[in-house]
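Each remark here refers to the structure printed beneath this line.
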Amino acid sequence: MTLSRTETQARILGGYDDASRLRQVHDRDWVLGRVTGEPEVLVDLGSGIGQLLEAALERLPSLRLAVGLERSEHRIAEATERLRPAGARVVLHRADLTAPAPLPHRADVVTMTSVLHWLYPVEHRVLEWVRTHLRPDGAFLLTTYHPYADRHGLGGEDDIVRDALADLGVPRQTVPGLLGDHGVLPIATRTRPVPELALLLEEFFQIEEYWEREAVVTVRDAAQYEHFHAATFGDYYAAALPARDRAGFYRAVGRAAWNRQQEHGRVSAMPVRLWKLTPRGAGGA
Ligand SMILES: C[S@@+](CC[C@H](N)C(=O)[O-])C[C@H]1O[C@@H](n2cnc3c(N)ncnc32)[C@H](O)[C@@H]1O
């Protein structure tokens, strides 16, 4: 069976450089703006196509080593190309952050932007890894997204997916069951509410400070959101459908987003929190 362009894109999480301008890229300067001192080693977890590492190398001349850990081989390949000019200042590791292996680096700064929800419900493993790999005076800068969740645990992107499935004739009330039957955990369920997350973080770190912003996504047309969805979520949701329906599903996601844009002047808006964390025991904690 021939795959549509979006299906091919979703399989390799392609097009992220362009798509991430809609939402995730704003985390990059927000996070790097909170780095203090003259760090020598920075580790970025879920480093994607290397955008944060590239900006860190530019902004922080003290950095002698920028390390990225990432699961997707396609993203590692794209990051390798992007970061080639930095030579030996960059090391990329293919890693699954739900079971992160020890590395010989001790970091002054660890960053993780827009990744933690993918590690649910075993986030404690990466938090322990960070605590172990951070210098006692180091900082962990973490961004977390907090879509509103309904009584089924659906919200944010799940809502757009529900609209798209309804457009394809799937009764709305059956969508939570359809996702559940295929092992697709709603993203709004993967994202722990702020109070619950704060308790979890405090098992490992001192919460030094936090900041919040609203991530608002707007698009110029349906195709732009179809592209964003495939680049960001890949075939995570589409895998719940038979192969023959997937190309149509991606198009329906684009239409659902465009309908929201026309109705509300934006596709979505959700709070994002930036946490500045230090290892427990440091700084008098
Ligand atoms: C939304 S992207 C964020 C990328 C980048 N940090 C940014 O802010 O643009 C989530 C990234 O986490 C990676 N990821 C998801 N689950 C992972 C896991 N278990 N181990 C390592 N990386 C993972 C994905 O491949 C993807 O690159």
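By convention here, the chains of the structure tokens are called A, B, ... in the order presented, each chain's residues are numbered starting at 1, and ligands are numbered starting at 1 in the order presented.
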
Around ligand 1, which protein and nucleic acid residues have at least one atom no more than 10 Å from it, if we count only C-alpha atoms and all ligand atoms? List them as a short mmCIF file (atom, residue, chain, number, x, y, z; two decimals) with all heavy atoms, in the first residue's frame.
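Final file, result35.cif:
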```cif
data_model
loop_
_atom_site.label_atom_id
_atom_site.label_comp_id
_atom_site.auth_asym_id
_atom_site.auth_seq_id
_atom_site.Cartn_x
_atom_site.Cartn_y
_atom_site.Cartn_z
N ILE A 12 8.37 9.08 10.49
CA ILE A 12 9.73 9.48 10.87
C ILE A 12 9.72 10.77 11.70
O ILE A 12 10.76 11.35 11.96
CB ILE A 12 10.64 9.65 9.63
CG1 ILE A 12 10.07 10.73 8.68
CG2 ILE A 12 10.80 8.34 8.89
CD1 ILE A 12 11.07 11.17 7.63
N LEU A 13 8.53 11.20 12.13
CA LEU A 13 8.38 12.44 12.89
C LEU A 13 9.06 13.59 12.14
O LEU A 13 9.70 14.46 12.74
CB LEU A 13 9.01 12.29 14.28
CG LEU A 13 8.27 11.41 15.29
CD1 LEU A 13 9.20 11.04 16.46
CD2 LEU A 13 7.02 12.10 15.83
N TYR A 16 9.89 18.61 11.74
CA TYR A 16 9.76 19.24 13.07
C TYR A 16 10.36 20.65 13.11
O TYR A 16 9.87 21.51 13.85
CB TYR A 16 10.43 18.34 14.12
CG TYR A 16 10.15 18.77 15.55
CD1 TYR A 16 8.90 18.57 16.12
CD2 TYR A 16 11.13 19.38 16.33
CE1 TYR A 16 8.62 18.96 17.42
CE2 TYR A 16 10.86 19.77 17.63
CZ TYR A 16 9.62 19.55 18.17
OH TYR A 16 9.35 19.94 19.47
N ASP A 17 11.39 20.88 12.31
CA ASP A 17 12.03 22.21 12.32
C ASP A 17 10.98 23.28 12.03
O ASP A 17 10.87 24.29 12.73
CB ASP A 17 13.13 22.23 11.25
CG ASP A 17 14.03 23.44 11.38
OD1 ASP A 17 13.92 24.14 12.40
OD2 ASP A 17 14.82 23.70 10.46
N ALA A 19 7.50 22.69 11.91
CA ALA A 19 6.29 22.53 12.74
C ALA A 19 6.49 23.09 14.15
O ALA A 19 5.57 23.69 14.73
CB ALA A 19 5.92 21.05 12.82
N SER A 20 7.67 22.94 14.72
CA SER A 20 7.89 23.34 16.11
C SER A 20 7.81 24.85 16.30
O SER A 20 7.69 25.33 17.43
CB SER A 20 9.23 22.81 16.62
OG SER A 20 10.29 23.32 15.85
N ARG A 21 7.86 25.61 15.20
CA ARG A 21 7.69 27.08 15.32
C ARG A 21 6.32 27.41 15.88
O ARG A 21 6.12 28.47 16.46
CB ARG A 21 7.82 27.74 13.95
CG ARG A 21 9.22 27.76 13.41
CD ARG A 21 9.22 28.45 12.04
NE ARG A 21 10.02 27.69 11.09
CZ ARG A 21 11.31 27.84 10.93
NH1 ARG A 21 11.94 28.74 11.61
NH2 ARG A 21 11.99 27.11 10.06
N ARG A 23 4.69 25.90 18.34
CA ARG A 23 4.54 25.78 19.79
C ARG A 23 5.87 25.57 20.53
O ARG A 23 6.28 26.40 21.31
CB ARG A 23 3.58 24.62 20.13
CG ARG A 23 3.32 24.51 21.62
CD ARG A 23 1.99 23.89 21.96
NE ARG A 23 1.90 22.49 21.60
CZ ARG A 23 0.74 21.83 21.51
NH1 ARG A 23 -0.40 22.44 21.74
NH2 ARG A 23 0.72 20.55 21.19
N GLN A 24 6.54 24.48 20.26
CA GLN A 24 7.62 24.06 21.15
C GLN A 24 8.84 24.98 21.14
O GLN A 24 9.53 25.09 22.15
CB GLN A 24 8.08 22.64 20.79
CG GLN A 24 7.01 21.59 20.93
CD GLN A 24 6.24 21.39 19.62
OE1 GLN A 24 6.20 22.29 18.78
NE2 GLN A 24 5.63 20.23 19.46
N VAL A 25 9.09 25.65 20.00
CA VAL A 25 10.35 26.38 19.90
C VAL A 25 10.43 27.54 20.91
O VAL A 25 11.52 27.96 21.30
CB VAL A 25 10.56 26.86 18.44
CG1 VAL A 25 10.00 28.23 18.21
CG2 VAL A 25 12.01 26.79 18.06
N HIS A 26 9.26 28.00 21.36
CA HIS A 26 9.27 29.11 22.31
C HIS A 26 9.91 28.72 23.64
O HIS A 26 10.38 29.57 24.39
CB HIS A 26 7.85 29.62 22.53
CG HIS A 26 7.22 30.05 21.24
ND1 HIS A 26 7.63 31.17 20.55
CD2 HIS A 26 6.26 29.48 20.47
CE1 HIS A 26 6.95 31.27 19.42
NE2 HIS A 26 6.11 30.27 19.36
N ASP A 27 9.92 27.42 23.94
CA ASP A 27 10.55 26.97 25.18
C ASP A 27 12.07 27.21 25.16
O ASP A 27 12.68 27.36 26.21
CB ASP A 27 10.34 25.45 25.38
CG ASP A 27 8.93 25.12 25.86
OD1 ASP A 27 8.11 26.05 25.96
OD2 ASP A 27 8.67 23.93 26.12
N ARG A 28 12.63 27.20 23.98
CA ARG A 28 14.09 27.19 23.86
C ARG A 28 14.72 28.44 24.49
O ARG A 28 15.54 28.35 25.40
CB ARG A 28 14.43 27.08 22.37
CG ARG A 28 15.87 26.97 22.07
CD ARG A 28 16.09 26.77 20.61
NE ARG A 28 15.48 27.83 19.82
CZ ARG A 28 15.34 27.81 18.50
NH1 ARG A 28 15.73 26.76 17.81
NH2 ARG A 28 14.80 28.82 17.86
N VAL A 31 13.92 28.84 28.28
CA VAL A 31 14.75 28.00 29.16
C VAL A 31 16.19 28.52 29.20
O VAL A 31 16.77 28.71 30.28
CB VAL A 31 14.70 26.53 28.67
CG1 VAL A 31 15.83 25.71 29.25
CG2 VAL A 31 13.35 25.91 29.01
N ASP A 44 20.74 17.90 27.29
CA ASP A 44 19.34 18.11 26.91
C ASP A 44 18.68 16.75 26.70
O ASP A 44 19.15 15.93 25.91
CB ASP A 44 19.27 18.95 25.62
CG ASP A 44 17.83 19.34 25.27
OD1 ASP A 44 17.03 19.56 26.21
OD2 ASP A 44 17.51 19.42 24.07
N LEU A 45 17.59 16.53 27.42
CA LEU A 45 16.91 15.22 27.39
C LEU A 45 15.72 15.29 26.43
O LEU A 45 14.88 16.18 26.56
CB LEU A 45 16.44 14.85 28.80
CG LEU A 45 17.56 14.76 29.82
CD1 LEU A 45 16.98 14.54 31.23
CD2 LEU A 45 18.52 13.63 29.48
N GLY A 46 15.65 14.34 25.50
CA GLY A 46 14.62 14.40 24.46
C GLY A 46 14.99 15.54 23.52
O GLY A 46 14.20 16.43 23.24
N SER A 47 16.24 15.49 23.04
CA SER A 47 16.85 16.65 22.36
C SER A 47 16.35 16.85 20.94
O SER A 47 16.75 17.81 20.28
CB SER A 47 18.37 16.52 22.38
OG SER A 47 18.76 15.22 21.99
N GLY A 48 15.49 15.95 20.46
CA GLY A 48 14.85 16.16 19.17
C GLY A 48 15.86 16.37 18.06
O GLY A 48 16.82 15.60 17.90
N ILE A 49 15.67 17.43 17.29
CA ILE A 49 16.55 17.69 16.14
C ILE A 49 17.69 18.65 16.51
O ILE A 49 18.34 19.21 15.65
CB ILE A 49 15.75 18.21 14.93
CG1 ILE A 49 15.02 19.52 15.26
CG2 ILE A 49 14.74 17.16 14.46
CD1 ILE A 49 14.37 20.18 14.06
N GLY A 50 17.91 18.83 17.82
CA GLY A 50 19.11 19.54 18.27
C GLY A 50 18.98 21.06 18.31
O GLY A 50 19.98 21.77 18.45
N GLN A 51 17.74 21.58 18.27
CA GLN A 51 17.58 23.04 18.22
C GLN A 51 18.06 23.71 19.51
O GLN A 51 18.72 24.74 19.47
CB GLN A 51 16.11 23.41 17.98
CG GLN A 51 15.59 23.00 16.63
CD GLN A 51 14.09 22.72 16.69
OE1 GLN A 51 13.65 21.88 17.48
NE2 GLN A 51 13.32 23.41 15.88
N LEU A 52 17.70 23.12 20.66
CA LEU A 52 18.11 23.75 21.93
C LEU A 52 19.63 23.67 22.08
O LEU A 52 20.28 24.63 22.51
CB LEU A 52 17.39 23.09 23.11
CG LEU A 52 17.64 23.78 24.46
CD1 LEU A 52 16.37 23.78 25.32
CD2 LEU A 52 18.79 23.13 25.24
N LEU A 53 20.21 22.53 21.71
CA LEU A 53 21.67 22.39 21.84
C LEU A 53 22.38 23.41 20.96
O LEU A 53 23.36 24.04 21.37
CB LEU A 53 22.09 20.97 21.47
CG LEU A 53 21.62 19.86 22.41
CD1 LEU A 53 21.98 18.49 21.86
CD2 LEU A 53 22.22 20.03 23.81
N GLY A 68 23.14 15.49 23.96
CA GLY A 68 21.72 15.26 23.69
C GLY A 68 21.37 13.79 23.83
O GLY A 68 22.12 12.93 23.37
N LEU A 69 20.24 13.52 24.48
CA LEU A 69 19.72 12.15 24.56
C LEU A 69 18.36 12.14 23.87
O LEU A 69 17.51 12.99 24.16
CB LEU A 69 19.54 11.70 26.02
CG LEU A 69 20.74 11.06 26.71
CD1 LEU A 69 21.89 12.02 26.84
CD2 LEU A 69 20.33 10.55 28.08
N GLU A 70 18.16 11.18 22.97
CA GLU A 70 16.95 11.19 22.15
C GLU A 70 16.66 9.76 21.70
O GLU A 70 17.58 8.99 21.45
CB GLU A 70 17.18 12.13 20.95
CG GLU A 70 16.20 12.08 19.83
CD GLU A 70 14.75 12.35 20.22
OE1 GLU A 70 14.47 13.35 20.92
OE2 GLU A 70 13.89 11.54 19.84
N ARG A 71 15.35 9.44 21.62
CA ARG A 71 14.97 8.08 21.25
C ARG A 71 14.89 7.86 19.73
O ARG A 71 15.26 6.81 19.23
CB ARG A 71 13.60 7.76 21.86
CG ARG A 71 13.13 6.35 21.58
CD ARG A 71 11.80 6.06 22.22
NE ARG A 71 10.77 7.02 21.78
CZ ARG A 71 9.52 7.01 22.20
NH1 ARG A 71 9.13 6.10 23.07
NH2 ARG A 71 8.65 7.89 21.76
N SER A 72 14.43 8.88 19.01
CA SER A 72 14.17 8.68 17.58
C SER A 72 15.46 8.74 16.76
O SER A 72 16.18 9.74 16.78
CB SER A 72 13.20 9.77 17.10
OG SER A 72 13.35 10.00 15.72
N GLU A 73 15.71 7.65 16.00
CA GLU A 73 16.93 7.64 15.19
C GLU A 73 16.88 8.71 14.11
O GLU A 73 17.90 9.29 13.73
CB GLU A 73 17.15 6.26 14.56
CG GLU A 73 16.06 5.84 13.63
CD GLU A 73 16.32 4.50 12.96
OE1 GLU A 73 17.38 4.33 12.37
OE2 GLU A 73 15.41 3.64 13.03
N HIS A 74 15.68 9.01 13.60
CA HIS A 74 15.56 10.03 12.56
C HIS A 74 15.92 11.41 13.12
O HIS A 74 16.56 12.21 12.46
CB HIS A 74 14.14 10.05 11.99
CG HIS A 74 13.76 8.75 11.36
ND1 HIS A 74 14.26 8.36 10.15
CD2 HIS A 74 12.96 7.74 11.79
CE1 HIS A 74 13.78 7.17 9.85
NE2 HIS A 74 12.99 6.78 10.83
N ARG A 75 15.46 11.65 14.35
CA ARG A 75 15.77 12.95 14.96
C ARG A 75 17.26 13.06 15.29
O ARG A 75 17.86 14.12 15.13
CB ARG A 75 14.90 13.16 16.19
CG ARG A 75 13.46 13.34 15.78
CD ARG A 75 12.68 14.20 16.71
NE ARG A 75 11.51 14.68 15.97
CZ ARG A 75 10.41 15.10 16.53
NH1 ARG A 75 10.32 15.14 17.85
NH2 ARG A 75 9.41 15.53 15.81
N ILE A 76 17.84 11.96 15.75
CA ILE A 76 19.29 11.98 16.02
C ILE A 76 20.04 12.29 14.73
O ILE A 76 20.99 13.09 14.72
CB ILE A 76 19.77 10.61 16.58
CG1 ILE A 76 19.19 10.36 17.97
CG2 ILE A 76 21.27 10.50 16.54
CD1 ILE A 76 20.12 10.66 19.11
N HIS A 93 23.44 10.88 22.09
CA HIS A 93 23.26 9.46 22.44
C HIS A 93 21.84 9.06 22.08
O HIS A 93 20.90 9.78 22.42
CB HIS A 93 23.42 9.24 23.95
CG HIS A 93 24.80 9.52 24.47
ND1 HIS A 93 25.84 8.63 24.36
CD2 HIS A 93 25.28 10.61 25.13
CE1 HIS A 93 26.91 9.16 24.93
NE2 HIS A 93 26.61 10.36 25.40
N ARG A 94 21.68 7.90 21.50
CA ARG A 94 20.33 7.36 21.33
C ARG A 94 19.95 6.72 22.66
O ARG A 94 20.70 5.89 23.19
CB ARG A 94 20.34 6.33 20.21
CG ARG A 94 18.95 5.92 19.88
CD ARG A 94 18.77 5.60 18.42
NE ARG A 94 17.38 5.26 18.22
CZ ARG A 94 16.97 4.18 17.59
NH1 ARG A 94 17.84 3.36 17.05
NH2 ARG A 94 15.68 3.93 17.48
N ALA A 95 18.83 7.13 23.22
CA ALA A 95 18.48 6.66 24.56
C ALA A 95 16.97 6.62 24.74
O ALA A 95 16.26 7.45 24.18
CB ALA A 95 19.07 7.62 25.60
N ASP A 96 16.52 5.66 25.53
CA ASP A 96 15.11 5.63 25.93
C ASP A 96 15.04 6.17 27.36
O ASP A 96 15.54 5.55 28.30
CB ASP A 96 14.58 4.20 25.87
CG ASP A 96 13.12 4.12 26.29
OD1 ASP A 96 12.55 5.16 26.71
OD2 ASP A 96 12.55 3.02 26.20
N LEU A 97 14.42 7.33 27.50
CA LEU A 97 14.41 8.00 28.81
C LEU A 97 13.46 7.34 29.81
O LEU A 97 13.44 7.73 30.97
CB LEU A 97 14.03 9.48 28.64
CG LEU A 97 15.05 10.29 27.82
CD1 LEU A 97 14.49 11.69 27.54
CD2 LEU A 97 16.38 10.39 28.56
N THR A 98 12.70 6.34 29.37
CA THR A 98 11.91 5.59 30.36
C THR A 98 12.80 4.57 31.08
O THR A 98 12.39 4.00 32.09
CB THR A 98 10.71 4.85 29.72
OG1 THR A 98 11.20 3.88 28.80
CG2 THR A 98 9.76 5.82 29.02
N ALA A 99 14.00 4.35 30.55
CA ALA A 99 14.97 3.45 31.20
C ALA A 99 16.36 3.96 30.90
O ALA A 99 17.15 3.31 30.21
CB ALA A 99 14.79 2.03 30.67
N PRO A 100 16.69 5.17 31.36
CA PRO A 100 17.95 5.79 30.94
C PRO A 100 19.18 5.12 31.56
O PRO A 100 19.21 4.84 32.75
CB PRO A 100 17.81 7.24 31.46
CG PRO A 100 16.80 7.18 32.56
CD PRO A 100 15.93 5.99 32.31
N THR A 111 18.48 20.17 30.71
CA THR A 111 17.23 20.75 30.22
C THR A 111 16.34 19.63 29.69
O THR A 111 16.83 18.59 29.22
CB THR A 111 17.50 21.75 29.07
OG1 THR A 111 18.31 21.11 28.07
CG2 THR A 111 18.23 22.99 29.56
N MET A 112 15.04 19.83 29.79
CA MET A 112 14.10 18.90 29.16
C MET A 112 12.85 19.69 28.82
O MET A 112 12.14 20.15 29.72
CB MET A 112 13.79 17.71 30.07
CG MET A 112 12.82 16.74 29.42
SD MET A 112 12.87 15.06 30.07
CE MET A 112 12.17 15.31 31.67
N THR A 113 12.60 19.88 27.53
CA THR A 113 11.47 20.72 27.12
C THR A 113 10.47 19.88 26.33
O THR A 113 10.84 19.21 25.36
CB THR A 113 11.95 21.91 26.25
OG1 THR A 113 12.65 21.42 25.11
CG2 THR A 113 12.88 22.83 27.03
N SER A 114 9.22 19.92 26.81
CA SER A 114 8.11 19.30 26.08
C SER A 114 8.30 17.79 25.88
O SER A 114 7.98 17.26 24.82
CB SER A 114 7.99 20.02 24.71
OG SER A 114 6.84 19.66 24.05
N VAL A 115 8.79 17.13 26.90
CA VAL A 115 9.08 15.69 26.79
C VAL A 115 8.45 14.88 27.91
O VAL A 115 8.02 13.73 27.70
CB VAL A 115 10.62 15.44 26.81
CG1 VAL A 115 10.95 13.95 26.82
CG2 VAL A 115 11.31 16.11 25.63
N LEU A 116 8.33 15.45 29.11
CA LEU A 116 8.04 14.64 30.30
C LEU A 116 6.78 13.78 30.14
O LEU A 116 6.73 12.65 30.62
CB LEU A 116 7.92 15.53 31.54
CG LEU A 116 7.90 14.75 32.87
CD1 LEU A 116 9.24 14.08 33.15
CD2 LEU A 116 7.52 15.64 34.04
N HIS A 117 5.74 14.32 29.46
CA HIS A 117 4.48 13.56 29.33
C HIS A 117 4.69 12.23 28.60
O HIS A 117 3.97 11.27 28.85
CB HIS A 117 3.40 14.39 28.64
CG HIS A 117 3.83 15.02 27.36
ND1 HIS A 117 4.62 16.14 27.32
CD2 HIS A 117 3.61 14.66 26.08
CE1 HIS A 117 4.86 16.46 26.06
NE2 HIS A 117 4.26 15.58 25.29
N TRP A 118 5.71 12.17 27.74
CA TRP A 118 5.96 10.91 27.02
C TRP A 118 6.53 9.84 27.95
O TRP A 118 6.59 8.66 27.59
CB TRP A 118 6.91 11.15 25.84
CG TRP A 118 6.29 11.94 24.72
CD1 TRP A 118 6.70 13.15 24.26
CD2 TRP A 118 5.15 11.58 23.91
NE1 TRP A 118 5.89 13.57 23.24
CE2 TRP A 118 4.93 12.62 23.00
CE3 TRP A 118 4.29 10.47 23.88
CZ2 TRP A 118 3.88 12.60 22.06
CZ3 TRP A 118 3.25 10.45 22.95
CH2 TRP A 118 3.06 11.50 22.06
N LEU A 119 6.97 10.24 29.12
CA LEU A 119 7.64 9.29 30.03
C LEU A 119 6.69 8.76 31.11
O LEU A 119 7.07 7.94 31.94
CB LEU A 119 8.87 9.95 30.66
CG LEU A 119 9.79 10.65 29.65
CD1 LEU A 119 11.01 11.23 30.35
CD2 LEU A 119 10.22 9.70 28.53
N TYR A 120 5.45 9.26 31.12
CA TYR A 120 4.43 8.82 32.07
C TYR A 120 4.18 7.32 31.90
O TYR A 120 4.11 6.85 30.76
CB TYR A 120 3.14 9.60 31.80
CG TYR A 120 1.96 9.20 32.64
CD1 TYR A 120 1.72 9.83 33.85
CD2 TYR A 120 1.08 8.21 32.21
CE1 TYR A 120 0.62 9.47 34.63
CE2 TYR A 120 -0.01 7.85 32.98
CZ TYR A 120 -0.23 8.48 34.19
OH TYR A 120 -1.31 8.12 34.95
N VAL A 122 6.39 6.56 34.35
CA VAL A 122 7.65 6.19 35.00
C VAL A 122 8.63 7.37 35.01
O VAL A 122 9.84 7.20 34.90
CB VAL A 122 8.30 4.93 34.35
CG1 VAL A 122 7.43 3.72 34.57
CG2 VAL A 122 8.55 5.15 32.85
N GLU A 123 8.08 8.58 35.14
CA GLU A 123 8.93 9.78 35.11
C GLU A 123 10.00 9.73 36.21
O GLU A 123 11.06 10.33 36.07
CB GLU A 123 8.11 11.05 35.32
CG GLU A 123 6.97 11.28 34.35
CD GLU A 123 5.65 10.81 34.93
OE1 GLU A 123 5.61 9.70 35.50
OE2 GLU A 123 4.66 11.56 34.82
N VAL A 126 13.62 9.02 35.04
CA VAL A 126 14.46 10.07 34.46
C VAL A 126 14.81 11.11 35.53
O VAL A 126 15.91 11.68 35.53
CB VAL A 126 13.79 10.72 33.22
CG1 VAL A 126 12.74 11.74 33.59
CG2 VAL A 126 14.83 11.38 32.34
N LEU A 142 13.12 22.47 33.36
CA LEU A 142 12.14 21.53 32.82
C LEU A 142 10.89 22.29 32.40
O LEU A 142 10.37 23.10 33.19
CB LEU A 142 11.79 20.54 33.94
CG LEU A 142 10.58 19.64 33.77
CD1 LEU A 142 10.86 18.56 32.73
CD2 LEU A 142 10.20 18.99 35.11
N THR A 143 10.37 22.02 31.18
CA THR A 143 9.07 22.60 30.84
C THR A 143 8.03 21.48 30.77
O THR A 143 8.29 20.39 30.28
CB THR A 143 9.05 23.38 29.51
OG1 THR A 143 9.29 22.51 28.41
CG2 THR A 143 10.05 24.51 29.51
N ALA A 231 4.30 15.90 12.63
CA ALA A 231 5.67 16.14 13.09
C ALA A 231 5.79 15.97 14.59
O ALA A 231 6.84 15.58 15.11
CB ALA A 231 6.11 17.55 12.69
N THR A 232 4.73 16.29 15.32
CA THR A 232 4.80 16.31 16.78
C THR A 232 4.35 14.99 17.39
O THR A 232 4.99 14.47 18.32
CB THR A 232 3.91 17.45 17.33
OG1 THR A 232 4.38 18.68 16.79
CG2 THR A 232 3.96 17.52 18.85
N PHE A 233 3.25 14.44 16.89
CA PHE A 233 2.67 13.23 17.50
C PHE A 233 2.93 11.99 16.66
O PHE A 233 2.60 10.88 17.10
CB PHE A 233 1.16 13.43 17.74
CG PHE A 233 0.89 14.57 18.67
CD1 PHE A 233 0.58 15.83 18.19
CD2 PHE A 233 1.00 14.40 20.04
CE1 PHE A 233 0.37 16.90 19.05
CE2 PHE A 233 0.79 15.46 20.91
CZ PHE A 233 0.48 16.71 20.42
N GLY A 234 3.49 12.17 15.48
CA GLY A 234 3.77 11.02 14.61
C GLY A 234 2.50 10.22 14.41
O GLY A 234 1.41 10.77 14.23
#
```

Phe205 (chain A) surroundings by only C-alpha atoms, 12 Å radius, close-in-sequence under 6 positions cut, as a compact mmCIF listing (two decimals) with C-alpha atoms, in the first residue's frame:
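Saved the output as result36.txt:
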```txt
# COMPACT_ATOMS: atom_id res chain seq x y z
CA HIS A 124 10.68 8.99 38.42
CA LEU A 127 14.20 12.31 37.54
CA GLU A 128 16.53 9.95 39.43
CA TRP A 129 18.87 9.94 36.41
CA VAL A 130 18.97 13.74 36.41
CA ARG A 131 19.66 13.91 40.13
CA THR A 132 22.55 11.49 39.68
CA LEU A 134 23.68 16.85 37.93
CA PRO A 136 25.50 19.52 43.37
CA ASP A 137 25.39 23.20 42.31
CA GLY A 138 23.73 22.42 38.96
CA ALA A 139 20.19 23.21 37.78
CA PHE A 140 17.52 21.21 36.01
CA LEU A 141 15.31 23.36 33.74
CA LEU A 142 12.14 21.53 32.82
CA LEU A 197 3.82 16.83 39.54
CA ALA A 198 5.21 19.20 42.17
CA LEU A 199 5.03 16.42 44.77
CA TRP A 275 10.56 24.67 36.61
CA LYS A 276 13.99 25.51 37.95
CA LEU A 277 15.06 22.56 40.10
CA THR A 278 18.20 21.87 42.09
CA PRO A 279 19.26 18.54 43.57
CA ARG A 280 17.84 17.95 47.04
CA GLY A 281 20.36 18.74 49.66
CA ALA A 282 21.98 21.53 47.59
CA GLY A 283 21.54 25.17 48.54
CA GLY A 284 20.55 24.36 52.11
CA ALA A 285 17.48 22.26 51.16
```

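From CA of Ala86 (chain A) back to CA of Leu42 (chain A), the distance works out to 14.0 Å.
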
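With only C-alpha atoms as the atoms that count, the residue of A:Leu22, A:Ala55, A:Leu65, A:Ile187 with the shortest distance to Gly156 (chain A) is A:Ile187.
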
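Of the listed residues A:Gly169, A:Gly254, A:Gly155, A:Pro176, the one whose atoms come nearest to Ala188 (chain A) is A:Gly155, with distances taken using only C-alpha atoms.
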
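The interatomic distance for the pair CA of Arg11 (chain A) and CA of Val216 (chain A) works out to 25.9 Å.
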
- Message: Among region 39-83 of chain A, which ones does DSSP assign to alpha helix (DSSP H) (computed from the backbone)? Answer as an NGL selection string.
- Response: :A and (51-59 or 73-83)

- Task: Pull the strand (DSSP E or B) assignments for region 75-216 of chain A out of DSSP run on the backbone, and list those residues as a VMD selection string.
- Result: chain A and resid 90 to 94 107 to 113 134 to 145 205 to 216
